[in-house]
file entry-v4.cif (mmCIF, C-alpha atoms)
data_target
loop_
_atom_site.label_atom_id
_atom_site.label_comp_id
_atom_site.auth_asym_id
_atom_site.auth_seq_id
_atom_site.Cartn_x
_atom_site.Cartn_y
_atom_site.Cartn_z
CA MET A 1 30.01 53.56 -102.45
CA TYR A 2 27.51 52.01 -100.05
CA SER A 3 25.41 54.44 -98.13
CA THR A 4 26.85 55.46 -94.78
CA LYS A 5 26.50 58.09 -92.10
CA TYR A 6 29.07 60.87 -91.79
CA VAL A 7 29.78 62.57 -88.45
CA LYS A 8 32.44 65.16 -87.71
CA ALA A 9 33.65 64.65 -84.14
CA LYS A 10 34.23 67.74 -81.99
CA ASP A 11 37.14 66.28 -80.07
CA ILE A 12 38.81 62.97 -79.36
CA ASP A 13 36.36 61.99 -76.58
CA ASP A 14 33.43 62.82 -78.84
CA ALA A 15 34.96 60.68 -81.59
CA ALA A 16 35.36 57.72 -79.23
CA THR A 17 31.76 58.09 -78.01
CA ILE A 18 30.35 58.22 -81.54
CA MET A 19 32.43 55.22 -82.55
CA ALA A 20 31.25 53.24 -79.52
CA SER A 21 27.63 53.79 -80.55
CA ALA A 22 28.22 52.70 -84.17
CA GLU A 23 27.84 49.09 -85.18
CA ASP A 24 30.79 49.02 -87.58
CA GLY A 25 32.24 52.51 -87.77
CA LYS A 26 35.48 53.74 -89.26
CA PHE A 27 37.58 56.72 -88.30
CA LEU A 28 38.17 59.08 -91.21
CA ALA A 29 41.51 60.90 -91.17
CA GLY A 30 42.73 62.28 -94.52
CA GLY A 31 40.68 59.69 -96.38
CA MET A 32 43.32 59.07 -99.03
CA THR A 33 43.06 55.30 -98.55
CA LEU A 34 39.66 54.98 -96.91
CA ILE A 35 37.63 56.89 -99.53
CA PRO A 36 39.03 54.87 -102.47
CA THR A 37 38.38 51.70 -100.44
CA LEU A 38 34.78 52.75 -99.88
CA LYS A 39 34.36 53.61 -103.56
CA GLN A 40 35.41 50.10 -104.49
CA ARG A 41 32.93 48.73 -101.98
CA LEU A 42 35.71 46.92 -100.16
CA ALA A 43 34.34 48.24 -96.88
CA ASN A 44 30.84 48.98 -95.72
CA PRO A 45 30.99 50.98 -92.49
CA ASP A 46 27.68 52.22 -91.09
CA CYS A 47 29.37 55.36 -89.79
CA LEU A 48 32.38 57.52 -90.70
CA VAL A 49 33.77 59.50 -87.79
CA ASP A 50 35.78 62.42 -89.16
CA LEU A 51 38.71 63.35 -86.90
CA SER A 52 39.64 66.56 -88.73
CA ALA A 53 38.10 68.89 -86.14
CA CYS A 54 39.63 67.14 -83.12
CA GLY A 55 42.61 69.50 -82.87
CA LEU A 56 45.23 66.85 -83.55
CA SER A 57 47.55 68.67 -85.92
CA ALA A 58 50.24 70.37 -83.85
CA ILE A 59 53.96 69.81 -84.37
CA ASN A 60 56.21 70.28 -81.32
CA ASP A 61 59.83 69.83 -80.40
CA ASP A 62 60.38 68.47 -76.90
CA GLY A 63 64.15 68.43 -77.00
CA SER A 64 65.04 64.83 -77.67
CA SER A 65 62.04 64.12 -79.93
CA ILE A 66 59.52 65.78 -82.18
CA ARG A 67 55.84 65.20 -81.59
CA ILE A 68 53.52 65.28 -84.57
CA GLY A 69 49.74 65.36 -84.14
CA ALA A 70 47.95 62.44 -85.78
CA MET A 71 45.92 64.64 -88.15
CA THR A 72 48.94 66.57 -89.44
CA ARG A 73 48.86 66.49 -93.24
CA HIS A 74 51.91 65.27 -95.13
CA VAL A 75 52.29 68.71 -96.77
CA ASP A 76 52.46 70.37 -93.34
CA VAL A 77 55.13 67.94 -92.12
CA ALA A 78 57.11 68.43 -95.33
CA GLU A 79 56.96 72.23 -95.06
CA SER A 80 57.46 72.47 -91.28
CA ALA A 81 60.62 74.44 -90.46
CA LEU A 82 60.72 72.61 -87.12
CA VAL A 83 60.70 69.16 -88.76
CA GLN A 84 63.14 70.25 -91.47
CA LYS A 85 65.59 71.29 -88.76
CA ALA A 86 65.04 68.51 -86.22
CA ILE A 87 64.71 65.45 -88.50
CA PRO A 88 65.08 66.53 -92.14
CA ALA A 89 64.59 62.90 -93.26
CA ILE A 90 60.99 63.07 -92.00
CA ALA A 91 60.24 66.28 -93.91
CA ASP A 92 61.75 64.68 -97.01
CA LEU A 93 59.77 61.47 -96.55
CA ALA A 94 56.49 63.38 -96.09
CA GLY A 95 57.24 65.51 -99.16
CA HIS A 96 57.46 62.43 -101.38
CA ILE A 97 54.41 60.45 -100.32
CA GLY A 98 51.98 59.82 -103.19
CA ASP A 99 51.39 63.03 -105.12
CA ARG A 100 50.68 66.65 -104.13
CA GLN A 101 46.98 66.06 -103.79
CA VAL A 102 47.51 63.06 -101.51
CA ARG A 103 49.99 65.10 -99.45
CA ASN A 104 47.46 67.92 -99.12
CA HIS A 105 45.05 65.63 -97.28
CA GLY A 106 46.77 62.43 -96.12
CA THR A 107 47.85 62.34 -92.46
CA ILE A 108 50.59 60.68 -90.42
CA GLY A 109 48.04 59.13 -88.06
CA GLY A 110 45.99 57.74 -90.93
CA SER A 111 49.06 56.24 -92.54
CA LEU A 112 50.21 54.58 -89.32
CA ALA A 113 46.74 53.33 -88.37
CA ASN A 114 46.30 51.79 -91.83
CA ASN A 115 49.80 50.24 -91.82
CA ASP A 116 49.84 49.63 -95.55
CA PRO A 117 52.80 47.30 -96.23
CA ALA A 118 54.09 49.81 -98.81
CA ALA A 119 53.49 53.04 -96.86
CA CYS A 120 56.44 55.28 -95.96
CA TYR A 121 55.70 56.43 -92.40
CA PRO A 122 55.81 52.94 -90.81
CA ALA A 123 59.49 52.70 -91.81
CA ALA A 124 60.19 56.05 -90.15
CA LEU A 125 58.42 55.14 -86.92
CA LEU A 126 60.23 51.81 -86.65
CA ALA A 127 63.69 53.05 -87.64
CA LEU A 128 63.52 56.02 -85.27
CA GLY A 129 62.12 53.89 -82.44
CA GLY A 130 59.16 56.23 -82.17
CA THR A 131 56.06 55.96 -80.04
CA VAL A 132 52.37 56.12 -80.94
CA HIS A 133 50.29 57.95 -78.34
CA THR A 134 46.58 57.20 -78.21
CA GLN A 135 43.86 58.58 -75.93
CA ASN A 136 44.61 55.69 -73.53
CA ARG A 137 48.28 54.78 -73.71
CA SER A 138 51.62 54.99 -75.47
CA ILE A 139 52.74 52.16 -77.76
CA THR A 140 56.36 51.78 -78.84
CA ALA A 141 57.05 51.09 -82.52
CA GLU A 142 58.23 47.57 -81.62
CA ASP A 143 54.86 46.78 -80.07
CA TYR A 144 52.75 48.70 -82.56
CA PHE A 145 53.00 46.94 -85.93
CA ASP A 146 51.23 43.60 -86.10
CA GLY A 147 51.49 42.40 -89.71
CA MET A 148 50.12 43.68 -92.98
CA PHE A 149 47.39 46.32 -92.44
CA GLU A 150 47.34 45.30 -88.75
CA THR A 151 48.36 47.20 -85.66
CA THR A 152 47.91 46.65 -81.94
CA LEU A 153 45.45 49.55 -81.78
CA GLU A 154 42.31 48.34 -80.09
CA GLU A 155 38.73 48.86 -81.20
CA GLY A 156 37.87 52.55 -80.78
CA GLU A 157 41.45 53.56 -79.97
CA ILE A 158 42.51 56.82 -81.62
CA ILE A 159 46.06 57.98 -82.33
CA ARG A 160 46.57 61.38 -80.71
CA GLU A 161 50.15 62.01 -81.73
CA VAL A 162 53.38 60.35 -82.69
CA SER A 163 56.76 61.06 -81.09
CA LEU A 164 59.92 60.52 -83.09
CA PRO A 165 63.34 60.61 -81.37
CA LYS A 166 65.94 62.78 -83.08
CA PRO A 167 68.76 60.74 -84.59
CA GLU A 168 72.33 61.92 -85.23
CA LYS A 169 71.73 61.26 -88.92
CA ALA A 170 68.90 59.74 -90.92
CA ALA A 171 67.65 59.32 -94.46
CA TYR A 172 64.80 57.58 -96.23
CA VAL A 173 65.12 56.40 -99.81
CA LYS A 174 62.44 54.54 -101.71
CA PHE A 175 62.03 52.95 -105.09
CA PRO A 176 58.51 54.03 -105.99
CA ASN A 177 56.27 51.99 -108.19
CA PRO A 178 56.01 54.23 -111.26
CA ALA A 179 52.22 53.93 -111.45
CA SER A 180 50.99 53.94 -107.85
CA ARG A 181 53.93 55.88 -106.29
CA TYR A 182 53.84 53.42 -103.39
CA ALA A 183 57.24 52.14 -102.30
CA MET A 184 58.23 48.87 -103.97
CA VAL A 185 60.99 49.11 -101.41
CA GLY A 186 61.65 51.94 -98.98
CA VAL A 187 64.52 51.98 -96.50
CA PHE A 188 64.83 54.30 -93.51
CA VAL A 189 68.30 54.42 -91.98
CA ALA A 190 68.74 56.17 -88.63
CA LYS A 191 72.05 56.54 -86.80
CA PHE A 192 71.85 57.09 -83.05
CA ALA A 193 74.66 57.38 -80.51
CA ASP A 194 73.95 53.81 -79.41
CA GLY A 195 73.63 52.22 -82.85
CA VAL A 196 72.09 52.16 -86.30
CA ARG A 197 68.49 51.19 -86.97
CA VAL A 198 67.26 50.21 -90.42
CA ALA A 199 63.57 49.69 -91.25
CA VAL A 200 62.25 48.42 -94.55
CA THR A 201 58.80 49.02 -96.04
CA GLY A 202 57.20 47.78 -99.24
CA ALA A 203 58.96 44.44 -99.14
CA GLY A 204 58.06 42.30 -96.14
CA GLU A 205 55.30 39.69 -96.25
CA ASP A 206 54.30 40.88 -92.78
CA GLY A 207 54.71 44.57 -93.52
CA VAL A 208 57.43 46.86 -92.21
CA PHE A 209 60.42 45.21 -90.50
CA ARG A 210 63.86 45.96 -89.08
CA ALA A 211 66.77 44.58 -91.06
CA SER A 212 69.13 43.29 -88.36
CA ASP A 213 71.84 42.14 -90.79
CA LEU A 214 72.01 45.61 -92.31
CA GLU A 215 72.03 47.19 -88.86
CA ALA A 216 74.96 45.02 -87.78
CA ALA A 217 76.90 45.81 -90.96
CA LEU A 218 76.32 49.55 -90.54
CA ASP A 219 77.09 49.45 -86.81
CA ALA A 220 80.50 48.08 -87.73
CA ASN A 221 81.06 50.48 -90.62
CA PHE A 222 78.59 53.29 -91.34
CA SER A 223 79.32 53.43 -95.04
CA ALA A 224 77.58 52.40 -98.26
CA ASP A 225 80.52 50.04 -98.85
CA ALA A 226 79.44 48.02 -95.82
CA ILE A 227 76.44 46.68 -97.78
CA ALA A 228 77.74 44.10 -100.23
CA ASP A 229 75.51 42.60 -102.92
CA GLY A 230 73.75 39.56 -101.53
CA THR A 231 73.69 40.89 -97.93
CA VAL A 232 69.89 40.82 -97.93
CA SER A 233 68.07 37.49 -98.07
CA ALA A 234 64.85 37.13 -100.10
CA ASP A 235 63.30 34.99 -97.33
CA GLY A 236 60.06 36.53 -96.07
CA LEU A 237 59.88 39.13 -98.84
CA MET A 238 56.86 39.68 -101.07
CA SER A 239 56.62 38.48 -104.65
CA ASP A 240 53.90 40.09 -106.73
CA ILE A 241 53.23 41.48 -110.21
CA HIS A 242 55.54 44.42 -109.49
CA ALA A 243 58.65 42.58 -108.30
CA SER A 244 59.94 39.20 -107.19
CA ALA A 245 61.27 38.63 -103.68
CA GLU A 246 64.80 38.38 -105.11
CA TYR A 247 64.46 41.74 -106.87
CA ARG A 248 63.11 43.31 -103.71
CA ALA A 249 66.09 41.90 -101.77
CA HIS A 250 68.39 43.56 -104.28
CA LEU A 251 66.47 46.84 -104.00
CA ILE A 252 66.74 46.77 -100.20
CA GLY A 253 70.54 46.63 -100.46
CA GLU A 254 70.63 49.40 -103.05
CA MET A 255 68.15 51.68 -101.24
CA THR A 256 70.15 51.16 -98.02
CA ARG A 257 73.37 52.20 -99.75
CA ARG A 258 71.65 55.30 -101.14
CA ALA A 259 70.17 56.13 -97.73
CA VAL A 260 73.56 55.83 -96.03
CA LYS A 261 75.10 58.10 -98.68
CA ALA A 262 72.23 60.58 -98.20
CA CYS A 263 73.05 60.66 -94.46
CA GLY A 264 76.27 62.42 -95.47
CA MET B 265 21.47 63.43 -95.56
CA GLN B 266 23.79 66.27 -94.69
CA THR B 267 23.06 69.94 -95.10
CA ILE B 268 26.28 71.48 -96.31
CA THR B 269 27.19 75.07 -96.85
CA MET B 270 30.27 75.89 -98.84
CA LYS B 271 31.56 78.64 -101.05
CA VAL B 272 31.96 77.46 -104.64
CA ASN B 273 33.79 79.87 -106.92
CA GLY B 274 33.09 82.66 -104.48
CA VAL B 275 29.34 82.05 -104.21
CA SER B 276 27.92 80.68 -100.97
CA THR B 277 25.74 77.66 -101.55
CA SER B 278 23.79 75.41 -99.24
CA CYS B 279 22.07 72.13 -100.02
CA ASP B 280 21.19 68.68 -98.78
CA VAL B 281 23.27 65.79 -100.09
CA PRO B 282 23.50 62.11 -99.17
CA ASP B 283 26.38 61.49 -96.74
CA ASN B 284 28.32 59.41 -99.28
CA THR B 285 28.31 62.10 -102.01
CA LEU B 286 31.76 62.72 -103.44
CA LEU B 287 32.77 66.33 -104.01
CA VAL B 288 33.13 65.70 -107.75
CA SER B 289 29.55 64.41 -107.98
CA PHE B 290 28.34 67.37 -105.96
CA LEU B 291 30.11 69.80 -108.27
CA ARG B 292 29.06 68.16 -111.52
CA GLU B 293 25.57 66.95 -110.72
CA THR B 294 24.28 69.30 -108.05
CA MET B 295 26.09 72.47 -109.08
CA GLY B 296 26.20 71.73 -112.83
CA LEU B 297 29.93 72.55 -112.92
CA THR B 298 31.01 69.95 -115.44
CA GLY B 299 34.41 71.49 -116.13
CA THR B 300 35.76 69.24 -113.37
CA HIS B 301 36.22 65.87 -115.05
CA ILE B 302 36.01 62.31 -113.82
CA GLY B 303 38.84 60.36 -115.43
CA CYS B 304 40.02 57.25 -113.63
CA ASP B 305 37.78 57.60 -110.56
CA THR B 306 40.54 55.83 -108.60
CA SER B 307 42.44 58.89 -107.28
CA GLN B 308 45.26 58.57 -109.77
CA CYS B 309 44.65 60.65 -112.90
CA GLY B 310 43.99 64.12 -111.48
CA ALA B 311 41.34 65.18 -114.04
CA CYS B 312 39.09 66.05 -111.10
CA VAL B 313 41.51 68.38 -109.27
CA VAL B 314 39.93 71.46 -107.70
CA HIS B 315 41.12 73.75 -104.92
CA VAL B 316 39.74 73.24 -101.43
CA ASN B 317 40.72 76.14 -99.19
CA GLY B 318 43.52 76.83 -101.67
CA LYS B 319 44.88 73.27 -101.67
CA SER B 320 44.79 71.17 -104.83
CA THR B 321 42.49 68.25 -104.13
CA LYS B 322 41.25 65.25 -106.07
CA SER B 323 37.53 65.84 -105.84
CA CYS B 324 36.82 62.14 -106.45
CA THR B 325 38.56 61.32 -103.17
CA ILE B 326 36.77 63.54 -100.69
CA LEU B 327 33.18 63.67 -99.49
CA ALA B 328 31.15 66.82 -99.91
CA ALA B 329 30.12 66.36 -96.28
CA GLN B 330 33.74 66.84 -95.16
CA LEU B 331 33.74 70.34 -96.63
CA GLU B 332 31.24 72.18 -94.48
CA GLY B 333 32.33 75.82 -94.49
CA ALA B 334 35.07 75.25 -97.09
CA GLU B 335 35.95 77.40 -100.07
CA VAL B 336 36.08 75.42 -103.29
CA THR B 337 37.43 76.74 -106.58
CA THR B 338 36.90 74.88 -109.83
CA ILE B 339 38.17 75.50 -113.34
CA GLU B 340 35.05 77.65 -113.92
CA GLY B 341 36.11 80.00 -111.13
CA ILE B 342 39.60 81.10 -112.12
CA ALA B 343 39.07 83.41 -115.11
CA ASN B 344 38.31 87.07 -114.52
CA GLY B 345 35.22 87.49 -116.69
CA ASP B 346 36.40 87.08 -120.29
CA GLU B 347 40.03 87.37 -119.26
CA LEU B 348 41.60 83.96 -118.87
CA HIS B 349 43.71 83.14 -115.82
CA PRO B 350 47.43 83.43 -116.75
CA MET B 351 47.70 79.63 -116.45
CA GLN B 352 44.79 79.11 -118.87
CA GLN B 353 46.28 81.69 -121.23
CA ALA B 354 49.65 79.95 -121.11
CA PHE B 355 48.08 76.56 -121.89
CA HIS B 356 46.31 78.23 -124.83
CA GLU B 357 49.42 79.93 -126.19
CA ASN B 358 51.76 76.97 -125.72
CA HIS B 359 49.34 74.35 -126.97
CA GLY B 360 49.46 72.71 -123.55
CA LEU B 361 46.70 70.30 -124.43
CA GLN B 362 45.77 67.76 -127.01
CA CYS B 363 42.38 66.15 -126.36
CA GLY B 364 41.85 68.48 -123.39
CA PHE B 365 40.34 65.97 -121.00
CA CYS B 366 43.07 66.26 -118.37
CA THR B 367 43.39 70.04 -118.81
CA PRO B 368 41.09 71.30 -116.03
CA GLY B 369 42.96 69.20 -113.48
CA MET B 370 46.35 70.12 -114.94
CA VAL B 371 45.51 73.82 -114.77
CA MET B 372 44.24 73.64 -111.19
CA SER B 373 47.26 71.62 -110.00
CA ALA B 374 49.64 73.91 -111.86
CA ILE B 375 48.13 77.06 -110.32
CA GLU B 376 48.71 75.75 -106.80
CA LEU B 377 52.21 74.64 -107.76
CA VAL B 378 53.17 78.07 -109.10
CA GLU B 379 51.47 79.99 -106.30
CA LYS B 380 53.68 78.12 -103.82
CA ASN B 381 56.90 78.50 -105.79
CA LYS B 382 57.25 80.84 -108.75
CA ASN B 383 60.83 79.82 -109.57
CA LEU B 384 60.26 76.21 -110.49
CA SER B 385 62.75 74.13 -112.42
CA GLU B 386 61.48 71.88 -115.19
CA ARG B 387 62.06 68.90 -112.93
CA GLU B 388 60.08 70.50 -110.10
CA ILE B 389 57.19 71.12 -112.49
CA ARG B 390 57.24 67.51 -113.67
CA GLU B 391 57.38 66.23 -110.10
CA GLY B 392 54.73 68.70 -109.01
CA LEU B 393 52.35 67.41 -111.66
CA GLU B 394 52.90 63.73 -110.93
CA GLY B 395 49.34 63.45 -109.64
CA ASN B 396 48.00 64.47 -113.06
CA ILE B 397 48.09 62.08 -115.97
CA CYS B 398 47.77 63.15 -119.63
CA ARG B 399 46.69 60.16 -121.66
CA CYS B 400 47.76 61.91 -124.86
CA THR B 401 51.21 62.10 -123.21
CA GLY B 402 51.42 65.78 -124.10
CA TYR B 403 53.65 66.61 -121.17
CA HIS B 404 56.29 68.70 -122.96
CA ASN B 405 53.92 71.52 -123.82
CA ILE B 406 52.18 71.26 -120.48
CA VAL B 407 55.53 71.85 -118.78
CA LYS B 408 56.26 74.75 -121.18
CA SER B 409 52.85 76.23 -120.37
CA VAL B 410 53.50 76.08 -116.63
CA GLN B 411 56.95 77.68 -117.07
CA ASP B 412 55.38 80.45 -119.16
CA ALA B 413 52.59 81.03 -116.65
CA ALA B 414 55.04 81.08 -113.75
CA GLY B 415 56.76 84.02 -115.45
CA LYS B 416 53.46 85.84 -115.96
CA MET B 417 52.34 85.10 -112.40
CA GLY B 418 55.36 86.93 -111.04
CA GLY B 419 58.22 84.44 -111.24
#

call {"tool": "encode", "arguments": {"input": "entry-v4.cif", "output": "structure tokens"}}
result
Amino acid sequence: MYSTKYVKAKDIDDAATIMASAEDGKFLAGGMTLIPTLKQRLANPDCLVDLSACGLSAINDDGSSIRIGAMTRHVDVAESALVQKAIPAIADLAGHIGDRQVRNHGTIGGSLANNDPAACYPAALLALGGTVHTQNRSITAEDYFDGMFETTLEEGEIIREVSLPKPEKAAYVKFPNPASRYAMVGVFVAKFADGVRVAVTGAGEDGVFRASDLEAALDANFSADAIADGTVSADGLMSDIHASAEYRAHLIGEMTRRAVKACG
Amino acid sequence: MQTITMKVNGVSTSCDVPDNTLLVSFLRETMGLTGTHIGCDTSQCGACVVHVNGKSTKSCTILAAQLEGAEVTTIEGIANGDELHPMQQAFHENHGLQCGFCTPGMVMSAIELVEKNKNLSEREIREGLEGNICRCTGYHNIVKSVQDAAGKMGG
């Protein structure tokens, strides 16, 4: 790891001030992606601004949505009685990210800010039509993701919390890569009174996306039978050493069927 | 440099470390606690697992500087004098190790796992240890050890 300067911010304003004075700083959330990146010398920030003391880890229910603080660890989301009751699919998703040690430190804000194309939380945010709240503004899921590892967060902008609307039913099912545990394909299905939303992670060349064909099929018939083989096109899907685009297209169909079944 | 104060195996310690020092380097090189192993160094194998404020943590994936005021427990800190921790004893009795390299991390992960849930199924144990890799592939006896220890730890 290159040498760097570590600063623990006292609150969100302090974090923004420290970041503004750094030449090329990085915010440090759980560090489960950033620290390995630094170890491989893939990044060389002159300053790490730790957000862990900024008081961003509350979970609240505001009736129609749950609000999860950006620094809430995956383990705390998974074990939250509030989340388990309000949106059990989110508790389940959080409880299957990476491994226990990743879940003990990784955060929802870190995951969404990083927008790894194979991360789980982006699919949840997009399928639930959630909103990312920063110190300056609120960004809807539709306006938030901006391609692989890219978001519309601006320089120095810090996620404060994330709000996730409660669906009638929802489930997330992924096909994890057996070595890395990242999703080779992950599908989040959410059924609301006004329609079904389906978001896919791990597969798109531009990161997480909504699968409109699957949404239309499930709007017409919310059943695993509604997803026939060949419903999902391989266009725009990733091909890499782990899976071809065609295999990923197949997995999207299968994970969607499993998610619909898991909705009960 | 950062001056950090943390409790390691119950003993308060304070020292200056470069900002980019990983916890595992701090433990092994500064504290001389070499029971915590560096295996893959890419956050996957779990040989470096210790407890930070009771949570199992890959010490190769966290900076010492992040742990000001924290309580850290390593494999050296779990026995009671000459009396092994029930998890260590169970690994001993069930031959839960072959070469032994992954064992400190396995034991530390397994302790947290059992402390959270003493009635674990075999599947839950296997899933709970997915962050720990045994290159000898000696998983069967590791799982048996954890089941045995869970009973002794009050399951």

call {"tool": "atom_distance", "arguments": {"input": "entry-v4.cif", "atom1": "CA of Cys324 (chain B)", "atom2": "CA of Val288 (chain B)"}}
result
5.3 Å

call {"tool": "atom_distance", "arguments": {"input": "entry-v4.cif", "atom1": "CA of Leu361 (chain B)", "atom2": "CA of Glu394 (chain B)"}}
result
16.2 Å

call {"tool": "resolve_selection", "arguments": {"input": "entry-v4.cif", "expression": "the PyMOL selection byres ((chain A) within 7 of (chain B))", "output": "JSON, numbers by chain"}}
result
{"A": [1, 3, 4, 5, 6, 31, 32, 35, 36, 99, 100, 101, 104]}

call {"tool": "residues_around", "arguments": {"input": "entry-v4.cif", "residues": "Gln411 (chain B)", "least_positions_apart": "2", "cutoff": "12 Å", "atoms": "only C-alpha atoms", "output": "NGL selection string"}}
result
:B and (350-351 or 354-355 or 358 or 360 or 374-375 or 377-378 or 381-390 or 404-409 or 413-419)

call {"tool": "resolve_selection", "arguments": {"input": "entry-v4.cif", "expression": "the PyMOL selection byres ((chain A and resi 97) around 8)", "output": "list in words"}}
result
His74, Leu93, Ala94, Gly95, His96, Gly98, Asp99, Val102, Arg103, Cys120, Arg181 and Tyr182 of chain A

call {"tool": "atom_distance", "arguments": {"input": "entry-v4.cif", "atom1": "CA of Thr300 (chain B)", "atom2": "CA of Ser52 (chain A)"}}
result
25.1 Å

call {"tool": "resolve_selection", "arguments": {"input": "entry-v4.cif", "expression": "the PyMOL selection byres ((chain A and resi 184) around 12)", "output": "ChimeraX atom specification"}}
result
/A:116-120,173-183,185-187,200-204,207-208,237-245,247-252,255

call {"tool": "closest_residue", "arguments": {"input": "entry-v4.cif", "among": "B:Ala328, B:Gly299, B:Asn317, B:His356", "to": "Ser278 (chain B)", "atoms": "only C-alpha atoms"}}
result
B:Ala328

call {"tool": "residues_around", "arguments": {"input": "entry-v4.cif", "residues": "Phe27 (chain A)", "least_positions_apart": "4", "cutoff": "8 Å", "atoms": "all atoms listed in the file", "output": "list of chain:residue names"}}
result
A:Met19, A:Leu48, A:Val49, A:Asp50, A:Leu51

call {"tool": "closest_residue", "arguments": {"input": "entry-v4.cif", "among": "A:Gly230, A:Gly110, A:Gly25, A:Gly130", "to": "Leu56 (chain A)", "atoms": "only C-alpha atoms"}}
result
A:Gly110

call {"tool": "residues_around", "arguments": {"input": "entry-v4.cif", "residues": "Pro368 (chain B)", "least_positions_apart": "3", "cutoff": "8 Å", "atoms": "all atoms listed in the file", "output": "list of chain:residue names"}}
result
B:Gly299, B:Thr300, B:His301, B:Ala311, B:Cys312, B:Val313, B:Ile339, B:Gly364, B:Phe365, B:Val371, B:Met372

call {"tool": "residues_around", "arguments": {"input": "entry-v4.cif", "residues": "Thr256 (chain A)", "least_positions_apart": "6", "cutoff": "9 Å", "atoms": "all atoms listed in the file", "output": "PyMOL selection string"}}
result
chain A and resi 172-173+186-189+198+214+224+227

call {"tool": "residues_around", "arguments": {"input": "entry-v4.cif", "residues": "Ala217 (chain A)", "least_positions_apart": "5", "cutoff": "12 Å", "atoms": "all atoms listed in the file", "output": "list in words"}}
result
Gly195, Val196, Arg197, Val198, Ala211, Ser212, Phe222, Ser223, Ala224, Asp225, Ala226, Ile227, Ala228, Thr231, Val232, Gly253, Thr256, Arg257 and Val260 of chain A

call {"tool": "build_atoms", "arguments": {"input": "entry-v4.cif", "residues": "region 313-324 of chain B", "atoms": "N, CA, C and O atoms", "output": "PDB file, keeping the file's coordinate frame"}}
result
ATOM      1  N   VAL B 313      40.884  67.510-110.292  1.00  0.00           N
ATOM      2  CA  VAL B 313      41.510  68.380-109.270  1.00  0.00           C
ATOM      3  C   VAL B 313      40.809  69.744-109.203  1.00  0.00           C
ATOM      4  O   VAL B 313      40.585  70.397-110.226  1.00  0.00           O
ATOM      5  N   VAL B 314      40.465  70.119-107.989  1.00  0.00           N
ATOM      6  CA  VAL B 314      39.930  71.460-107.700  1.00  0.00           C
ATOM      7  C   VAL B 314      40.734  71.997-106.508  1.00  0.00           C
ATOM      8  O   VAL B 314      41.595  71.289-105.967  1.00  0.00           O
ATOM      9  N   HIS B 315      40.477  73.221-106.126  1.00  0.00           N
ATOM     10  CA  HIS B 315      41.120  73.750-104.920  1.00  0.00           C
ATOM     11  C   HIS B 315      40.120  73.735-103.761  1.00  0.00           C
ATOM     12  O   HIS B 315      38.990  74.198-103.926  1.00  0.00           O
ATOM     13  N   VAL B 316      40.546  73.196-102.646  1.00  0.00           N
ATOM     14  CA  VAL B 316      39.740  73.240-101.430  1.00  0.00           C
ATOM     15  C   VAL B 316      40.538  74.071-100.422  1.00  0.00           C
ATOM     16  O   VAL B 316      41.646  73.672-100.044  1.00  0.00           O
ATOM     17  N   ASN B 317      39.999  75.201-100.060  1.00  0.00           N
ATOM     18  CA  ASN B 317      40.720  76.140 -99.190  1.00  0.00           C
ATOM     19  C   ASN B 317      42.132  76.389 -99.723  1.00  0.00           C
ATOM     20  O   ASN B 317      43.106  76.398 -98.969  1.00  0.00           O
ATOM     21  N   GLY B 318      42.240  76.511-101.037  1.00  0.00           N
ATOM     22  CA  GLY B 318      43.520  76.830-101.670  1.00  0.00           C
ATOM     23  C   GLY B 318      44.412  75.638-101.956  1.00  0.00           C
ATOM     24  O   GLY B 318      45.457  75.794-102.577  1.00  0.00           O
ATOM     25  N   LYS B 319      44.023  74.448-101.485  1.00  0.00           N
ATOM     26  CA  LYS B 319      44.880  73.270-101.670  1.00  0.00           C
ATOM     27  C   LYS B 319      44.350  72.417-102.811  1.00  0.00           C
ATOM     28  O   LYS B 319      43.154  72.093-102.845  1.00  0.00           O
ATOM     29  N   SER B 320      45.238  72.014-103.726  1.00  0.00           N
ATOM     30  CA  SER B 320      44.790  71.170-104.830  1.00  0.00           C
ATOM     31  C   SER B 320      44.335  69.823-104.259  1.00  0.00           C
ATOM     32  O   SER B 320      44.987  69.251-103.382  1.00  0.00           O
ATOM     33  N   THR B 321      43.192  69.383-104.750  1.00  0.00           N
ATOM     34  CA  THR B 321      42.490  68.250-104.130  1.00  0.00           C
ATOM     35  C   THR B 321      41.825  67.426-105.218  1.00  0.00           C
ATOM     36  O   THR B 321      41.195  67.982-106.120  1.00  0.00           O
ATOM     37  N   LYS B 322      41.967  66.112-105.132  1.00  0.00           N
ATOM     38  CA  LYS B 322      41.250  65.250-106.070  1.00  0.00           C
ATOM     39  C   LYS B 322      39.812  65.121-105.579  1.00  0.00           C
ATOM     40  O   LYS B 322      39.550  64.504-104.542  1.00  0.00           O
ATOM     41  N   SER B 323      38.898  65.738-106.335  1.00  0.00           N
ATOM     42  CA  SER B 323      37.530  65.840-105.840  1.00  0.00           C
ATOM     43  C   SER B 323      36.786  64.519-105.889  1.00  0.00           C
ATOM     44  O   SER B 323      35.681  64.413-105.370  1.00  0.00           O
ATOM     45  N   CYS B 324      37.425  63.483-106.479  1.00  0.00           N
ATOM     46  CA  CYS B 324      36.820  62.140-106.450  1.00  0.00           C
ATOM     47  C   CYS B 324      37.204  61.407-105.177  1.00  0.00           C
ATOM     48  O   CYS B 324      36.794  60.278-104.969  1.00  0.00           O
TER      49      CYS B 324
END
